[in-house]
Amino acid sequence: ESLTGNAGDSESDTVTVTANDNEGNVVVEDDDATFTITDLVPVLDVDKTANPSSVPEPGGDVTFTITIVNTSPEQVTQLTIEDDVYGDLNGQGTCTTPVVLEPAGQPGDTYACEFTEFVANNAGEEQIDIVTASGQDDEGNIVEGSDSETVTVVDSEPTIDVDKSATPQEVLEPGGDVFFTITIDNTSAEPVTVTSIVDDVYGDLDGVGGCSVPQTIPPGESYTCSFIGPVTGQGGTQATDTVDVTAEDDEGNSVEDGDSESVDIINVPPEMDLTKTASPRTVSPPGGNVTYGVTVENESTFDPLILTELTDDLYGDVTDAANPNLVSTTCSVSQTIPPGGTYSCEFVVFTPVGTGSEPPITDTVTGKGTDDDTPAGETEDSDSATVNPSPSGGGEQTLTKTASPETVPEPGGPVTYTVRIENDGPLAVYFLLLDDIYGDITTIPGSTCAVPVVLVGPDFYECTFTADA
């Protein structure tokens, strides 16, 4: 039989047995039993899960899901949810209490909600928190259920991002100083300490310019330093150097990153200075040989000059010994002239003279050359010389002055001047050599100039002096 009722209800019933023997004697016997309904405490099944169950240091968001099932046959009311870490969950996430749970097996016997919190800790440590659900049945009995969940903070490798920049990004050959800037971004979620900054060209940068180590960089922030380094090279090339940075986190995990930067070395065209002389400068009938001297100076301070061509506008290629216009030549190409150096040669031309009243004969030699860069820079220069026909072969004197260098940086500097006196006549005597700025150049310390200067026939005199410009 089934007995129903509230807790504490009881029911007694008696069974009676009647029997008789073969003589007709009757016997009656009975007994009773009492059935009591006892109070049943409801049971709650609580489950708590975490997603994810582990986060990289120093922490991250975790979504906790709470599921509560009433496994008893009676209703549970006034259900509340408490977390030992996050407190009363009413109003957190989707959790709302109090809640009523219907008896087991009925709709509404289960309640679920979730909330998200940031879990923070050091690498390798765990956070264990317990959720407890509490309610009561219709007799006022308190019912509880609980579950715990563990979230582990795992060690994460540090990360950095290194950027290297250069100002300017190009220099004129042979090079110059460049301002390099290094930026180190901490892209990890914990502080990192920079332990070394090394450049493959400039070496260890600790103490160089504004760079120093160690440097501790908070998450998401950066460290920037700069230094000045010389960049040199051949024109038309690039100078590339790489910086490598090493850092570590507070667990000793190491990380490296680097970046390269290139600086273009711009080719500077070569410069040449060509001078041409003629000796003698006066030719009488019927004519005679004139020796033309050619001097090519490489005015570059860093690139060799490769002389590739010497051409006269009247006599053609003066480097060609088979040239029918030439009596002879010592000129040849190609010639490699070092920075600041010179190349000199001469060629001889027969110059016919009729009556000696012809106009002067002026011809120009043009020299062409390149440097040794790729692509090669090109240059050229020209100079002229004049030969005067004369019926008597009278003399002529010419004085020339040249300066090396032709430019000096402010506020000035020493310049070497070359003085050349050429005489085409039978005799010339000079007793004085005066400069409109420096005066008597024979008295300047270090001067090679001296008087008197005596020139007999086709001849020249050359001297130098140095003075500040």
# chains A, B, ... in the order shown; residues from 1 in each chain; ligands from 1

$ select_by_dssp --residues "segment 34-273 of chain A" --states "strand (DSSP E)" --output "PyMOL selection string"
chain A and resi 34-36+44-51+54-56+59-70+76-83+87-88+99-101+110-120+126-136+142-154+160-167+170-172+175-186+192-199+203-204+215-217+222-232+237-248+254-266+272-273

$ residues_around --residues "Val268 of chain A" --least-positions-apart "2" --cutoff "9 Å" --atoms "only C-alpha atoms" --output "VMD selection string"
chain A and resid 172 to 174 235 266 270 303 377

$ write_last_selection --atoms "N, CA, C and O atoms" --output "compact mmCIF listing (two decimals), in the first residue's frame"
# COMPACT_ATOMS: atom_id res chain seq x y z
N LEU A 172 76.53 61.62 -48.65
CA LEU A 172 77.40 61.72 -49.81
C LEU A 172 78.69 60.94 -49.55
O LEU A 172 79.21 60.95 -48.44
N GLU A 173 79.16 60.24 -50.60
CA GLU A 173 80.41 59.51 -50.41
C GLU A 173 81.53 60.48 -50.06
O GLU A 173 81.49 61.65 -50.46
N PRO A 174 82.51 60.07 -49.28
CA PRO A 174 82.71 58.69 -48.79
C PRO A 174 81.92 58.36 -47.54
O PRO A 174 82.06 57.28 -47.00
N GLY A 235 80.50 55.05 -53.29
CA GLY A 235 79.32 55.67 -53.86
C GLY A 235 78.48 54.67 -54.62
O GLY A 235 78.99 53.78 -55.30
N ILE A 266 75.51 58.15 -51.53
CA ILE A 266 75.27 58.77 -52.83
C ILE A 266 76.59 59.05 -53.53
O ILE A 266 77.52 59.60 -52.94
N PRO A 270 83.21 62.64 -60.00
CA PRO A 270 84.61 63.02 -59.86
C PRO A 270 84.83 64.42 -60.41
O PRO A 270 84.01 64.95 -61.17
N ASP A 303 87.97 59.47 -54.24
CA ASP A 303 87.84 58.53 -55.34
C ASP A 303 89.01 58.68 -56.31
O ASP A 303 89.42 59.80 -56.63
N GLY A 377 80.62 57.69 -61.90
CA GLY A 377 80.39 59.10 -62.15
C GLY A 377 81.34 59.59 -63.24
O GLY A 377 82.46 59.11 -63.37

$ atom_distance --atom1 "atom CA of Thr246 of chain A" --atom2 "atom CA of Asp185 of chain A"
12.2 Å

$ closest_residue --among "A:Phe118, A:Phe179, A:Phe227, A:Phe64" --to "Val263 of chain A" --atoms "only C-alpha atoms"
A:Phe179

$ closest_residue --among "A:Val62, A:Val198, A:Val255, A:Ala278" --to "Glu157 of chain A" --atoms "only C-alpha atoms"
A:Val255

$ closest_residue --among "A:Val143, A:Val131, A:Leu305, A:Ala428" --to "Asp273 of chain A" --atoms "only C-alpha atoms"
A:Leu305

$ residues_around --residues "Phe35 of chain A" --least-positions-apart "6" --cutoff "10 Å" --atoms "only C-alpha atoms" --output "PyMOL selection string"
chain A and resi 3+9-13

$ closest_residue --among "A:Asn141, A:Ser2, A:Gln127, A:Thr193" --to "Val43 of chain A" --atoms "only C-alpha atoms"
A:Asn141

$ atom_distance --atom1 "atom CA of Val419 of chain A" --atom2 "atom CA of Pro389 of chain A"
25.8 Å

$ residues_around --residues "Val27 of chain A" --least-positions-apart "2" --cutoff "6 Å" --atoms "only C-alpha atoms" --output "VMD selection string"
chain A and resid 18 to 20

$ atom_distance --atom1 "atom CA of Gly316 of chain A" --atom2 "atom CA of Asp373 of chain A"
28.5 Å

$ decode --residues "segment 133-144 of chain A" --atoms "all heavy atoms" --output "short mmCIF file (atom, residue, chain, number, x, y, z; two decimals), in the first residue's frame"
data_model
loop_
_atom_site.label_atom_id
_atom_site.label_comp_id
_atom_site.auth_asym_id
_atom_site.auth_seq_id
_atom_site.Cartn_x
_atom_site.Cartn_y
_atom_site.Cartn_z
N ALA A 133 25.48 26.97 -3.39
CA ALA A 133 24.07 27.30 -3.60
C ALA A 133 23.30 26.91 -2.34
O ALA A 133 23.46 25.80 -1.82
CB ALA A 133 23.52 26.57 -4.82
N SER A 134 22.45 27.79 -1.82
CA SER A 134 21.68 27.54 -0.59
C SER A 134 20.20 27.85 -0.83
O SER A 134 19.88 28.84 -1.51
CB SER A 134 22.19 28.42 0.55
OG SER A 134 23.56 28.17 0.81
N GLY A 135 19.31 26.96 -0.27
CA GLY A 135 17.87 27.18 -0.35
C GLY A 135 17.17 26.49 0.81
O GLY A 135 17.82 26.04 1.77
N GLN A 136 15.84 26.37 0.70
CA GLN A 136 15.08 25.67 1.76
C GLN A 136 13.87 25.00 1.15
O GLN A 136 13.35 25.41 0.11
CB GLN A 136 14.66 26.64 2.85
CG GLN A 136 13.74 27.74 2.41
CD GLN A 136 13.43 28.71 3.54
OE1 GLN A 136 14.22 28.86 4.46
NE2 GLN A 136 12.26 29.35 3.48
N ASP A 137 13.40 23.92 1.87
CA ASP A 137 12.19 23.25 1.41
C ASP A 137 10.99 23.83 2.15
O ASP A 137 11.11 24.82 2.89
CB ASP A 137 12.31 21.74 1.61
CG ASP A 137 12.51 21.35 3.08
OD1 ASP A 137 12.34 22.22 3.95
OD2 ASP A 137 12.85 20.17 3.33
N ASP A 138 9.81 23.18 1.97
CA ASP A 138 8.60 23.75 2.56
C ASP A 138 8.54 23.56 4.07
O ASP A 138 7.69 24.14 4.73
CB ASP A 138 7.35 23.17 1.89
CG ASP A 138 7.32 21.65 1.96
OD1 ASP A 138 8.33 21.05 2.42
OD2 ASP A 138 6.33 21.06 1.52
N GLU A 139 9.44 22.73 4.63
CA GLU A 139 9.52 22.62 6.08
C GLU A 139 10.56 23.57 6.66
O GLU A 139 10.80 23.55 7.88
CB GLU A 139 9.87 21.19 6.50
CG GLU A 139 8.74 20.16 6.34
CD GLU A 139 8.66 19.66 4.92
OE1 GLU A 139 9.73 19.60 4.27
OE2 GLU A 139 7.54 19.37 4.43
N GLY A 140 11.17 24.35 5.80
CA GLY A 140 12.19 25.29 6.29
C GLY A 140 13.55 24.68 6.45
O GLY A 140 14.45 25.31 7.01
N ASN A 141 13.71 23.43 5.97
CA ASN A 141 15.03 22.82 6.04
C ASN A 141 15.98 23.51 5.05
O ASN A 141 15.62 23.76 3.89
CB ASN A 141 14.95 21.33 5.69
CG ASN A 141 14.12 20.56 6.70
OD1 ASN A 141 14.34 20.67 7.90
ND2 ASN A 141 13.17 19.77 6.20
N ILE A 142 17.18 23.81 5.52
CA ILE A 142 18.19 24.46 4.67
C ILE A 142 18.89 23.40 3.85
O ILE A 142 19.30 22.35 4.37
CB ILE A 142 19.21 25.24 5.52
CG1 ILE A 142 18.49 26.31 6.35
CG2 ILE A 142 20.27 25.88 4.62
CD1 ILE A 142 17.74 27.32 5.52
N VAL A 143 19.03 23.67 2.56
CA VAL A 143 19.70 22.75 1.66
C VAL A 143 20.86 23.50 0.99
O VAL A 143 20.73 24.67 0.64
CB VAL A 143 18.72 22.19 0.62
CG1 VAL A 143 18.06 23.30 -0.19
CG2 VAL A 143 19.45 21.23 -0.31
N GLU A 144 21.98 22.82 0.84
CA GLU A 144 23.16 23.43 0.23
C GLU A 144 23.83 22.44 -0.71
O GLU A 144 23.72 21.22 -0.53
CB GLU A 144 24.18 23.87 1.28
CG GLU A 144 23.79 25.07 2.10
CD GLU A 144 24.91 25.54 3.02
OE1 GLU A 144 25.89 24.77 3.21
OE2 GLU A 144 24.79 26.67 3.53
#
